[in-house]
file start-v4.txt (compact mmCIF, C-alpha atoms)
# COMPACT_ATOMS: atom_id res chain seq x y z
CA MET A 7 23.42 -30.67 39.72
CA ASP A 8 22.93 -30.43 43.49
CA LEU A 9 24.31 -27.64 45.68
CA GLY A 10 27.08 -29.77 47.23
CA ASN A 11 28.56 -30.77 43.88
CA LYS A 12 28.31 -27.17 42.67
CA ILE A 13 30.25 -25.89 45.72
CA PHE A 14 32.88 -28.64 45.18
CA GLU A 15 33.33 -27.81 41.46
CA LEU A 16 33.48 -24.07 42.09
CA ARG A 17 36.01 -24.51 44.91
CA LYS A 18 38.24 -26.69 42.70
CA SER A 19 37.95 -24.28 39.69
CA HIS A 20 39.12 -21.46 42.01
CA ASN A 21 42.02 -23.57 43.37
CA LEU A 22 40.82 -23.33 46.94
CA SER A 23 41.15 -25.97 49.63
CA GLN A 24 38.30 -26.67 52.03
CA GLU A 25 40.25 -24.84 54.72
CA GLN A 26 40.84 -21.76 52.55
CA LEU A 27 37.17 -21.61 51.58
CA ALA A 28 36.07 -22.15 55.20
CA GLU A 29 38.25 -19.26 56.28
CA LYS A 30 36.72 -16.94 53.61
CA VAL A 31 33.15 -17.92 54.56
CA ASP A 32 34.00 -17.83 58.27
CA VAL A 33 32.98 -21.43 59.00
CA ALA A 34 34.83 -24.61 60.03
CA ARG A 35 36.47 -26.89 57.40
CA GLN A 36 34.10 -29.69 58.40
CA THR A 37 31.14 -27.44 57.47
CA ILE A 38 32.50 -27.09 53.91
CA SER A 39 32.96 -30.88 53.77
CA LYS A 40 29.35 -31.47 54.92
CA TRP A 41 28.08 -28.98 52.30
CA GLU A 42 30.01 -30.73 49.54
CA LEU A 43 28.74 -34.16 50.64
CA GLY A 44 25.18 -32.84 50.72
CA GLU A 45 24.73 -33.57 54.44
CA THR A 46 23.91 -29.93 55.19
CA ALA A 47 23.43 -26.74 53.20
CA PRO A 48 24.61 -23.17 53.72
CA ASP A 49 22.12 -20.65 55.05
CA ILE A 50 21.16 -17.70 52.86
CA LYS A 51 23.90 -15.39 54.21
CA GLN A 52 26.54 -18.07 53.68
CA ALA A 53 25.19 -18.79 50.17
CA GLN A 54 25.47 -15.07 49.36
CA THR A 55 29.09 -15.07 50.57
CA LEU A 56 29.84 -18.16 48.43
CA SER A 57 28.28 -16.56 45.33
CA GLU A 58 30.47 -13.46 45.87
CA ILE A 59 33.63 -15.57 46.33
CA PHE A 60 32.95 -17.67 43.19
CA GLY A 61 31.59 -14.75 41.14
CA VAL A 62 28.29 -16.44 40.36
CA SER A 63 24.68 -15.58 41.07
CA LEU A 64 22.71 -17.31 43.80
CA ASP A 65 20.62 -18.93 41.06
CA GLU A 66 23.73 -20.43 39.45
CA LEU A 67 25.08 -21.53 42.82
CA THR A 68 21.90 -23.29 43.86
CA GLY A 69 21.28 -24.71 40.37
CA ASN A 70 18.04 -22.81 40.01
CA GLY A 71 16.81 -23.05 36.38
CA ILE A 72 15.94 -19.37 36.13
CA LYS A 73 18.77 -18.72 33.67
CA ASN A 74 17.44 -21.42 31.36
CA ALA A 75 13.91 -20.12 31.84
CA VAL A 76 15.07 -16.61 30.91
CA PHE A 77 16.79 -17.96 27.79
CA GLU A 78 13.66 -19.93 26.91
CA LYS A 79 11.47 -16.86 27.40
CA VAL A 80 13.84 -14.75 25.28
CA SER A 81 13.86 -17.35 22.50
CA ASN A 82 10.04 -17.60 22.66
CA THR A 83 9.85 -13.82 22.43
CA GLU A 84 12.24 -13.85 19.47
CA ARG A 85 10.09 -16.49 17.74
CA LEU A 86 6.93 -14.44 18.35
CA ALA A 87 8.64 -11.29 17.09
CA GLY A 88 9.78 -13.18 13.98
CA MET A 89 6.22 -14.39 13.36
CA ALA A 90 4.86 -10.87 13.90
CA ILE A 91 7.39 -9.47 11.41
CA LYS A 92 6.40 -12.10 8.82
CA ILE A 93 2.70 -11.30 9.33
CA LEU A 94 3.42 -7.56 8.99
CA LYS A 95 5.38 -8.18 5.80
CA VAL A 96 2.49 -10.18 4.31
CA LEU A 97 0.01 -7.47 5.36
CA GLY A 98 2.26 -4.81 3.86
CA VAL A 99 2.45 -6.67 0.55
CA LEU A 100 -1.35 -7.12 0.53
CA ILE A 101 -1.89 -3.42 1.27
CA LEU A 102 0.54 -2.44 -1.52
CA ILE A 103 -1.25 -4.77 -3.95
CA SER A 104 -4.65 -3.30 -3.04
CA ILE A 105 -3.33 0.27 -3.40
CA ALA A 106 -1.79 -0.59 -6.78
CA SER A 107 -5.05 -2.22 -7.92
CA THR A 108 -7.02 0.85 -6.85
CA VAL A 109 -4.65 3.20 -8.68
CA ILE A 110 -4.78 1.04 -11.83
CA GLY A 111 -8.57 0.94 -11.61
CA ILE A 112 -8.80 4.72 -11.28
CA ILE A 113 -6.42 5.22 -14.20
CA SER A 114 -8.42 2.75 -16.31
CA LEU A 115 -11.72 4.44 -15.48
CA THR A 116 -10.24 7.86 -16.23
CA SER A 117 -8.95 6.60 -19.58
CA VAL A 118 -12.33 5.10 -20.45
CA ARG A 119 -14.09 8.31 -19.39
CA GLN A 120 -11.69 10.41 -21.50
CA VAL A 121 -12.28 8.17 -24.52
CA HIS A 122 -16.03 8.44 -23.94
CA GLU A 123 -15.83 12.22 -23.60
CA THR A 124 -13.79 12.44 -26.79
CA LYS A 125 -16.45 10.48 -28.65
CA LEU A 126 -19.11 12.82 -27.28
CA GLU A 127 -17.13 15.85 -28.42
CA LYS A 128 -16.97 14.39 -31.93
CA ASN A 129 -20.74 13.80 -31.93
CA ILE A 130 -21.68 17.46 -32.03
CA ILE A 131 -23.13 19.22 -35.03
CA THR A 132 -22.90 22.96 -35.46
CA ILE A 133 -24.91 24.97 -37.90
CA ASN A 134 -24.38 28.62 -38.85
CA GLU A 135 -27.11 30.10 -41.04
CA THR A 136 -27.95 33.59 -42.22
CA VAL A 137 -31.49 34.44 -43.27
CA ASP A 138 -32.37 37.98 -44.30
CA GLU A 139 -29.18 39.32 -42.63
CA GLU A 140 -30.08 37.57 -39.36
CA GLU A 141 -27.35 35.16 -38.10
CA TYR A 142 -28.27 31.94 -36.35
CA TYR A 143 -26.00 29.51 -34.54
CA ILE A 144 -27.02 26.02 -33.37
CA ALA A 145 -24.91 23.30 -31.64
CA ILE A 146 -26.49 19.94 -30.87
CA GLY A 147 -24.69 17.08 -29.12
CA SER A 148 -25.47 13.38 -28.90
CA ASP A 149 -25.34 13.86 -25.12
CA ARG A 150 -28.63 15.81 -25.50
CA SER A 151 -26.91 19.20 -25.31
CA PHE A 152 -28.45 22.08 -27.25
CA GLU A 153 -27.11 25.59 -27.69
CA SER A 154 -28.40 28.34 -29.91
CA LYS A 155 -27.95 32.04 -30.66
CA GLY A 156 -30.31 34.31 -32.50
CA LEU A 157 -33.26 31.90 -32.62
CA THR A 158 -36.73 33.07 -31.69
CA THR A 159 -38.69 30.95 -29.22
CA GLU A 160 -40.81 29.59 -32.07
CA MET A 161 -37.75 28.70 -34.17
CA LYS A 162 -36.09 27.00 -31.20
CA ALA A 163 -39.25 24.94 -30.58
CA ASP A 164 -39.40 23.93 -34.28
CA ILE A 165 -35.75 22.87 -34.32
CA LEU A 166 -36.00 20.94 -31.06
CA GLU A 167 -39.02 19.11 -32.44
CA MET A 168 -37.04 17.90 -35.48
CA THR A 169 -33.91 17.03 -33.45
CA ASP A 170 -33.02 13.35 -33.07
CA PHE A 171 -30.10 13.19 -30.61
CA SER A 172 -29.34 9.60 -31.59
CA ASP A 173 -29.04 10.47 -35.33
CA LEU A 174 -27.26 13.79 -35.69
CA ASN A 175 -26.80 13.39 -39.46
CA LYS A 176 -30.55 13.22 -39.94
CA THR A 177 -30.99 16.17 -37.58
CA TYR A 178 -28.43 18.17 -39.57
CA GLU A 179 -30.30 17.51 -42.83
CA ASN A 180 -33.66 18.45 -41.24
CA ILE A 181 -32.31 21.75 -39.91
CA LYS A 182 -30.69 22.62 -43.24
CA LYS A 183 -34.08 22.00 -44.98
CA TYR A 184 -35.77 24.14 -42.30
CA PHE A 185 -33.50 27.08 -43.08
CA ILE A 186 -33.94 26.60 -46.87
CA LEU A 187 -37.70 26.76 -46.37
CA LEU A 188 -37.27 29.78 -44.07
CA ARG A 189 -35.18 31.56 -46.74
CA ASP A 190 -37.70 30.69 -49.47
CA SER A 191 -40.61 32.00 -47.42
CA THR A 192 -38.69 35.21 -46.69
CA VAL A 193 -37.87 35.66 -50.37
CA THR A 194 -41.53 35.03 -51.31
CA GLU A 195 -42.76 37.53 -48.70
CA THR A 196 -40.28 40.13 -49.88
CA THR A 197 -41.22 39.60 -53.56
CA THR A 198 -44.94 39.84 -52.76
CA LEU A 199 -44.42 43.03 -50.76
CA GLU A 200 -42.34 44.58 -53.55
CA ALA A 201 -44.97 43.63 -56.13
CA GLU A 202 -47.70 45.26 -54.07
CA ASN A 203 -45.74 48.49 -53.75

call {"tool": "encode", "arguments": {"input": "start-v4.txt", "output": "structure tokens"}}
result
Amino acid sequence: MDLGNKIFELRKSHNLSQEQLAEKVDVARQTISKWELGETAPDIKQAQTLSEIFGVSLDELTGNGIKNAVFEKVSNTERLAGMAIKILKVLGVLILISIASTVIGIISLTSVRQVHETKLEKNIITINETVDEEEYYIAIGSDRSFESKGLTTEMKADILEMTDFSDLNKTYENIKKYFILLRDSTVTETTTLEAEN
């Protein structure tokens, strides 16, 4: 809409005659008529006075599309913000899924490790033997662990030589036989010494 038509519509909506408006703007009635017909246009000071009288901005008075441009920019901004929010929601869901997967993986690995450790604890043999009032303790694990108390270096070397970490039952039998032989040899030595005395 051109400026002349806008002035005409605003004047009519405010129930002003051309004379009344001319008096308020401090111009002749013919000037208002020429503005409305589009023959001339108000200068900037007169346009400011008109915008104050009609209660509109200069942009609205002159039909400048800035208001529409502002609305368009605001709606574009709202659309971009909406898209950004959707993207952030998707990223948030993906992050939560990855965190949950990590936690589940850690829990699964811990459970597997605990089961494995339990199996290792069950695959330990312990032997307590007494030979000639000497006490011996041996613990052998399938994880290649070896503990002993009371063994001499030679005895420890003998037992390690007969240890099969992958077959603890066989190892147990071998060590039991070792101590039986050790007891027998001690008994034989003691009997021989007693006989000599």

call {"tool": "atom_distance", "arguments": {"input": "start-v4.txt", "atom1": "CA of Ile133 in chain A", "atom2": "CA of Ala145 in chain A"}}
result
6.5 Å

call {"tool": "closest_residue", "arguments": {"input": "start-v4.txt", "among": "A:Ala28, A:Gln52, A:Gly10, A:Ala106", "to": "Lys40 in chain A", "atoms": "all atoms listed in the file"}}
result
A:Gly10

call {"tool": "closest_residue", "arguments": {"input": "start-v4.txt", "among": "A:Leu64, A:Leu56, A:Ile144, A:Leu187", "to": "Leu27 in chain A", "atoms": "all atoms listed in the file"}}
result
A:Leu56

call {"tool": "closest_residue", "arguments": {"input": "start-v4.txt", "among": "A:Glu66, A:Asp138, A:Glu58, A:Asp8", "to": "Ile186 in chain A", "atoms": "only C-alpha atoms"}}
result
A:Asp138

call {"tool": "atom_distance", "arguments": {"input": "start-v4.txt", "atom1": "CA of Ile112 in chain A", "atom2": "CA of Gly98 in chain A"}}
result
21.0 Å

call {"tool": "residues_around", "arguments": {"input": "start-v4.txt", "residues": "Phe171 in chain A", "least_positions_apart": "2", "cutoff": "9 Å", "atoms": "only C-alpha atoms", "output": "PyMOL selection string"}}
result
chain A and resi 146-151+169+173-174+177
